[in-house]
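Undergrad: Just one file: target-v9.txt, with compact mmCIF, C-alpha atoms.
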# COMPACT_ATOMS: atom_id res chain seq x y z
CA MET A 6 -0.61 6.88 -13.14
CA CYS A 7 2.63 7.03 -11.17
CA VAL A 8 3.87 7.91 -7.73
CA ALA A 9 7.31 9.46 -7.35
CA LEU A 10 9.37 11.89 -5.34
CA THR A 11 10.27 15.01 -7.26
CA SER A 12 13.57 15.61 -5.49
CA THR A 13 16.04 13.96 -3.18
CA PRO A 14 17.10 15.94 -0.09
CA ASN A 15 20.72 16.46 0.79
CA LEU A 16 22.35 14.69 3.70
CA ALA A 17 22.04 17.62 6.11
CA ASP A 18 18.28 17.85 5.59
CA ALA A 19 17.92 14.08 5.80
CA GLN A 20 19.59 14.00 9.19
CA ARG A 21 17.43 16.85 10.43
CA TYR A 22 14.03 15.65 9.12
CA LYS A 23 13.89 11.90 9.73
CA PHE A 24 10.38 11.36 8.39
CA ARG A 25 9.44 7.91 7.16
CA GLY A 26 6.36 6.68 5.38
CA ALA A 27 4.81 4.72 2.56
CA ALA A 28 2.12 5.10 -0.08
CA GLY A 29 0.29 2.91 -2.53
CA VAL A 30 -2.39 2.90 -5.19
CA LYS A 31 -4.30 -0.10 -6.56
CA MET A 32 -6.61 -0.26 -9.57
CA ASP A 33 -8.51 -3.54 -9.74
CA VAL A 34 -11.48 -5.49 -11.02
CA GLU A 35 -13.13 -8.16 -8.83
CA TYR A 36 -15.67 -10.86 -9.62
CA THR A 37 -17.60 -12.12 -6.58
CA THR A 38 -19.98 -15.07 -6.26
CA PHE A 39 -22.19 -15.78 -3.22
CA ASP A 40 -22.81 -19.10 -1.47
CA ASP A 41 -25.82 -19.48 0.84
CA PRO A 42 -25.44 -22.43 3.25
CA ASP A 43 -29.20 -22.35 4.05
CA GLN A 44 -30.03 -22.99 0.38
CA MET A 45 -31.87 -19.67 0.16
CA ALA A 46 -31.68 -17.56 -2.97
CA PRO A 47 -28.31 -15.76 -2.76
CA PRO A 48 -27.69 -12.33 -4.31
CA THR A 49 -26.53 -12.16 -7.89
CA ASP A 50 -22.82 -12.37 -8.66
CA THR A 51 -21.18 -8.97 -8.90
CA VAL A 52 -18.40 -7.39 -10.92
CA VAL A 53 -16.85 -4.24 -9.45
CA GLY A 54 -13.84 -2.13 -10.25
CA GLY A 55 -12.23 0.75 -8.48
CA LEU A 56 -9.38 2.51 -6.82
CA ASP A 57 -7.66 2.03 -3.47
CA LEU A 58 -5.31 4.77 -2.19
CA TRP A 59 -3.38 4.77 1.06
CA GLY A 60 -0.43 6.60 2.58
CA THR A 61 1.50 7.10 5.80
CA ILE A 62 3.82 9.71 7.27
CA GLY A 63 5.61 9.90 10.59
CA THR A 64 8.75 8.71 12.33
CA ALA A 65 8.83 5.42 14.25
CA VAL A 66 5.00 5.31 14.29
CA GLN A 67 3.27 6.73 11.22
CA PHE A 68 -0.18 8.19 10.66
CA LEU A 69 -2.18 6.14 8.14
CA ALA A 70 -5.04 7.29 5.89
CA ALA A 71 -6.77 5.56 2.98
CA ILE A 72 -9.64 5.82 0.47
CA ASP A 73 -11.41 2.81 -1.05
CA LEU A 74 -13.82 3.42 -3.96
CA HIS A 75 -15.47 0.59 -5.92
CA PHE A 76 -18.43 0.59 -8.30
CA GLY A 77 -19.98 -2.01 -10.57
CA GLY A 78 -23.09 -4.11 -10.98
CA GLY A 79 -24.76 -7.45 -10.54
CA VAL A 80 -24.64 -10.04 -13.29
CA GLU A 81 -28.44 -10.18 -13.20
CA GLY A 82 -28.88 -6.46 -12.65
CA GLY A 83 -28.43 -3.94 -9.87
CA PHE A 84 -25.86 -1.25 -9.11
CA ALA A 85 -23.05 -2.25 -6.72
CA TYR A 86 -21.15 0.40 -4.78
CA GLU A 87 -18.82 0.79 -1.81
CA MET A 88 -17.06 3.92 -0.58
CA ASP A 89 -14.86 3.88 2.54
CA PHE A 90 -12.77 6.73 3.95
CA TYR A 91 -10.13 5.83 6.53
CA GLY A 92 -8.78 8.74 8.56
CA PHE A 93 -7.74 7.17 11.86
CA GLY A 94 -4.87 4.74 11.51
CA LEU A 95 -1.31 3.84 12.42
CA GLY A 96 1.41 2.15 10.37
CA PHE A 97 4.88 0.72 10.93
CA GLN A 98 7.71 0.06 8.49
CA LEU A 99 9.79 -3.01 9.19
CA GLY A 100 12.83 -1.92 7.23
CA THR A 101 12.43 -2.40 3.49
CA PHE A 102 10.99 -5.88 3.94
CA ALA A 103 7.50 -5.26 5.31
CA PHE A 104 4.82 -2.77 6.19
CA VAL A 105 1.97 -3.31 8.65
CA GLY A 106 -0.87 -0.95 9.48
CA ALA A 107 -4.45 -0.63 10.69
CA ALA A 108 -7.07 2.09 10.27
CA ALA A 109 -10.73 2.85 11.02
CA GLY A 110 -13.11 5.02 9.03
CA ILE A 111 -16.62 5.57 7.75
CA GLY A 112 -18.40 4.59 4.55
CA PHE A 113 -21.42 3.01 2.91
CA SER A 114 -22.17 0.13 0.55
CA GLY A 115 -24.90 -1.94 -1.07
CA VAL A 116 -26.29 -3.49 -4.23
CA THR A 117 -29.58 -2.05 -5.43
CA GLY A 118 -32.36 -4.64 -5.32
CA GLU A 119 -30.05 -7.22 -3.69
CA ILE A 120 -28.13 -5.94 -0.64
CA PRO A 121 -29.70 -3.04 1.31
CA PHE A 122 -27.91 0.29 1.50
CA ALA A 123 -26.12 0.79 4.81
CA ARG A 124 -23.72 3.15 6.51
CA GLN A 125 -20.72 1.36 7.98
CA ILE A 126 -17.66 1.73 10.18
CA PRO A 127 -14.86 -0.37 8.66
CA ILE A 128 -11.69 -1.36 10.51
CA ARG A 129 -8.96 -2.43 8.13
CA GLY A 130 -5.65 -4.22 8.65
CA LEU A 131 -2.89 -4.32 6.02
CA LEU A 132 0.32 -6.33 5.68
CA GLN A 133 2.79 -6.07 2.80
CA LEU A 134 5.83 -8.31 2.36
CA ASN A 135 8.46 -7.27 -0.19
CA LEU A 136 10.12 -10.59 -0.91
CA HIS A 137 12.03 -9.13 -3.85
CA GLU A 138 12.11 -5.93 -5.89
CA ARG A 139 9.91 -7.73 -8.41
CA LEU A 140 7.73 -9.71 -5.98
CA GLN A 141 5.28 -8.48 -3.34
CA ILE A 142 2.64 -10.27 -1.28
CA GLU A 143 -0.18 -8.29 0.33
CA GLY A 144 -2.76 -9.48 2.82
CA TYR A 145 -5.64 -7.47 4.25
CA GLY A 146 -8.73 -7.89 6.36
CA VAL A 147 -11.73 -5.61 6.91
CA GLY A 148 -14.27 -5.95 9.70
CA LYS A 149 -17.39 -3.78 9.46
CA PHE A 150 -19.98 -2.47 11.87
CA ILE A 151 -23.19 -1.98 9.84
CA GLY A 152 -25.87 0.58 10.62
CA ALA A 153 -28.79 -1.18 8.86
CA ARG A 154 -30.51 -3.85 10.97
CA ALA A 155 -31.06 -6.04 7.93
CA ARG A 156 -27.29 -6.49 7.65
CA ASN A 157 -26.42 -6.91 11.34
CA ASN A 158 -24.77 -10.10 12.65
CA GLY A 159 -23.93 -11.29 9.17
CA THR A 160 -20.70 -13.10 10.08
CA ASP A 161 -19.87 -15.97 12.40
CA SER A 162 -16.11 -16.18 11.90
CA LEU A 163 -15.22 -12.80 13.39
CA GLY A 164 -17.32 -12.15 16.47
CA GLY A 165 -18.36 -8.58 17.14
CA PHE A 166 -18.43 -7.48 13.49
CA ASP A 167 -21.46 -7.51 11.22
CA GLU A 168 -19.50 -8.20 8.04
CA PHE A 169 -16.00 -9.38 7.24
CA LYS A 170 -13.74 -9.50 4.19
CA ALA A 171 -10.17 -10.71 3.67
CA GLY A 172 -7.90 -10.99 0.66
CA VAL A 173 -4.45 -12.06 -0.52
CA LEU A 174 -2.70 -10.45 -3.51
CA LEU A 175 0.45 -11.44 -5.39
CA ARG A 176 2.22 -8.79 -7.47
CA ILE A 177 4.95 -9.48 -10.00
CA GLY A 178 6.53 -6.45 -11.62
CA LYS A 179 9.60 -4.32 -11.17
CA GLY A 180 11.11 -2.06 -8.55
CA GLY A 181 14.13 -0.11 -7.42
CA GLY A 182 15.18 2.86 -5.36
CA ASN A 183 18.00 4.82 -3.84
CA THR A 184 19.16 6.03 -0.45
CA TYR A 185 15.86 7.66 0.48
CA GLN A 186 13.13 5.80 -1.39
CA LYS A 187 12.06 2.37 -2.57
CA TRP A 188 9.40 1.79 -5.19
CA GLY A 189 7.69 -1.00 -7.05
CA ASN A 190 4.85 -1.54 -9.52
CA GLY A 191 3.27 -4.28 -11.55
CA TYR A 192 0.20 -6.40 -12.21
CA PHE A 193 -1.29 -8.55 -9.48
CA VAL A 194 -3.77 -11.39 -9.02
CA GLY A 195 -5.56 -12.36 -5.86
CA ALA A 196 -8.45 -14.03 -4.09
CA THR A 197 -10.97 -12.69 -1.57
CA TYR A 198 -13.33 -14.18 1.01
CA SER A 199 -16.29 -12.38 2.60
CA GLU A 200 -19.11 -13.03 5.04
CA LEU A 201 -22.30 -10.94 5.08
CA LEU A 202 -26.02 -11.50 5.59
CA GLY A 203 -25.23 -14.95 6.95
CA MET A 204 -23.67 -15.96 3.62
CA ARG A 205 -20.19 -16.51 2.28
CA SER A 206 -18.75 -15.03 -0.89
CA TYR A 207 -15.64 -15.81 -2.89
CA GLY A 208 -13.92 -13.50 -5.31
CA ALA A 209 -11.11 -13.32 -7.86
CA VAL A 210 -9.34 -10.02 -8.44
CA VAL A 211 -6.83 -8.71 -10.99
CA GLY A 212 -5.28 -5.27 -11.25
CA TYR A 213 -2.27 -3.00 -11.25
CA SER A 214 -0.59 -1.40 -8.25
CA ILE A 215 2.18 1.07 -7.42
CA SER A 216 3.90 1.31 -4.04
CA LEU A 217 6.45 3.69 -2.57
CA ALA A 218 8.36 3.73 0.71
CA TYR A 219 10.53 6.65 1.76
CA ASP A 220 12.93 7.41 4.59
CA MET A 221 14.23 10.96 4.88
CA GLY A 222 16.80 9.79 7.40
CA GLY A 223 18.55 7.59 4.87
CA ARG A 224 18.23 4.36 6.87
CA TRP A 225 18.45 2.34 3.67
CA ARG A 226 21.86 3.69 2.70
CA LYS A 227 24.05 0.78 1.69
CA ARG A 228 27.72 0.79 2.44
CA SER A 229 29.65 0.96 -0.74
CA LYS A 230 32.26 -1.74 -1.28
CA ARG A 231 34.15 0.44 -3.73
CA ARG A 232 37.22 2.34 -2.71
CA PRO A 233 36.77 6.08 -2.24
CA TYR A 234 37.31 8.03 -5.42
CA ARG A 235 40.61 9.86 -5.60
CA PRO A 236 41.13 12.10 -8.63
CA ARG A 237 44.37 11.55 -10.45
CA THR A 238 46.59 14.55 -11.06
CA LYS A 239 48.14 14.72 -14.49
CA PRO A 240 51.75 15.86 -14.81
CA ASN A 241 50.71 18.75 -17.04
CA ASP A 242 48.43 20.04 -14.30
CA LEU A 243 51.26 20.42 -11.79
CA LYS A 244 52.23 23.97 -11.17
CA LYS A 245 55.88 24.75 -11.56
CA VAL A 246 57.31 25.97 -8.32
CA PRO A 247 60.25 28.37 -8.75
CA ALA A 248 63.52 27.20 -7.28
CA THR A 249 64.52 28.82 -4.03
CA VAL A 250 67.89 30.56 -4.11
CA THR A 251 69.95 30.25 -0.96
CA PRO A 252 73.20 32.08 -0.02
CA ASP A 253 75.14 28.83 -0.45
CA ASP A 254 74.16 28.78 -4.13
CA LEU A 255 75.83 32.14 -4.80
Could the structure of this file be written out as structure tokens, please?

TA:
Amino acid sequence: MCVALTSTPNLADAQRYKFRGAAGVKMDVEYTTFDDPDQMAPPTDTVVGGLDLWGTIGTAVQFLAAIDLHFGGGVEGGFAYEMDFYGFGLGFQLGTFAFVGAAAGIGFSGVTGEIPFARQIPIRGLLQLNLHERLQIEGYGVGKFIGARARNNGTDSLGGFDEFKAGVLLRIGKGGGNTYQKWGNGYFVGATYSELLGMRSYGAVVGYSISLAYDMGGRWRKRSKRRPYRPRTKPNDLKKVPATVTPDDL
């Protein structure tokens, strides 16, 4: 899977339509284990995999939307699922170095036989730091309001939310770009931390991601240190100009 722009606009269009934005796709697999401080029987460990898509478009402030789909199962049985759709968000590009955004949406999640099904309202924050074309660090946090009473008040660290999850990812790959776009892709590893049902969970995640940032105004144009190109005229290309005859020559 790849993300790319099919064409590059000319300078006149770039100056007229100064849209900026970013997009990304992640494909990952996560292993999660639960820790119950009250020594009660915690849910089984889970292994889930899925897809995370997000994108922005705008000018100084950009509209942000995302989709998060993950499915898997418990080590001791059960079907694990989570589907979140974010349609109300804002994002900001801090040059080519960083992107920050936040969005709210709707979704549902659960693990059959372990964690009850529930509708949820997730609020997600995202921060990406492009330390190098080949190196990216991403941090995110998700606070959830849960509809099922059995899953209410499941976190103590983030007051007001019923559940909470945070993660840090490190990607090492390759990247590049031109005047109007910057891109990068590669494999990543990361760690996650969650609180739900009064318990804590810890996870390890691996995957592959692609990211793209674009600026139709050409803000990333670098000044060239080269001298302007001046075509050389060959002697054979010079047109012979006929001599002008004056009265003094007669």

Undergrad: Which residue, A:Arg129, A:Lys187, A:Arg154, A:Arg176, has the smallest gap to A:Ile142 when you use all atoms listed in the file?

TA: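 Of A:Arg129, A:Lys187, A:Arg154, A:Arg176, the one nearest A:Ile142 is A:Arg176, counting all atoms listed in the file.
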
Undergrad: For A:Thr160, find every residue with an atom within 7 Å (counting only C-alpha atoms), except residues of its own chain fewer than 3 positions away, and show them as a list in words.

TA: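 Listed by chain and then number, they are Leu163, Phe166, Asp167, Glu168, Phe169, Glu200, Leu201 and Gly203 of chain A.
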
Undergrad: Any idea what's packed within 8 Å of stretch 103-118 of chain A, counting all atoms listed in the file, ignoring anything in its chain fewer than 4 positions away? Could you give it as a ChimeraX atom specification?

TA: /A:69-70,78-79,83-99,122-135

Undergrad: Using only C-alpha atoms, determine which residues lie at most 10 Å from A:Thr64, disregarding the query and same-chain residues fewer than 5 positions distant; provide the list as a list in words.

TA: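 Everything that qualifies: Tyr22, Lys23, Phe24, Arg25, Gly26, Phe97, Gln98, Asp220, Met221 and Gly222 of chain A.
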
Undergrad: Using all atoms listed in the file, find the one residue out of A:Val210, A:Ala218, A:Lys31, A:Thr38 that sits nearest to A:Phe102.

TA: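 Ranking A:Val210, A:Ala218, A:Lys31, A:Thr38 by distance to A:Phe102, first place goes to A:Ala218.
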
Undergrad: Mind working out the centre and edge lengths of an axis-aligned box for stretch 58-77 of chain A, all listed atoms inside, 4 Å added to each side, rounded to one decimal in Å and written as AutoDock Vina command-line options?

TA:
--center_x -5.6 --center_y 3.9 --center_z 1.9 --size_x 36.8 --size_y 19.9 --size_z 32.9

Undergrad: Rounded to one decimal in Å, what is the spacing between atom CA of A:Ser206 and atom CA of A:Tyr36?

TA: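 Interatomic distance here is 10.2 Å.
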
Undergrad: For A:Gln67, which residue out of A:Asp50, A:Asp40, A:Ala196, A:Ala28 is the nearest one, using only C-alpha atoms?

TA: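 For A:Gln67, the nearest of the candidates is A:Ala28.
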
Undergrad: Any idea what the distance is between atom CA of A:Gly195 and atom CA of A:Leu140?

TA: 13.6 Å

Undergrad: To one decimal place, how far is atom CA of A:Ile72 from atom CA of A:Gly212 in Å?

TA: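 Distance reported for this atom pair: 16.7 Å.
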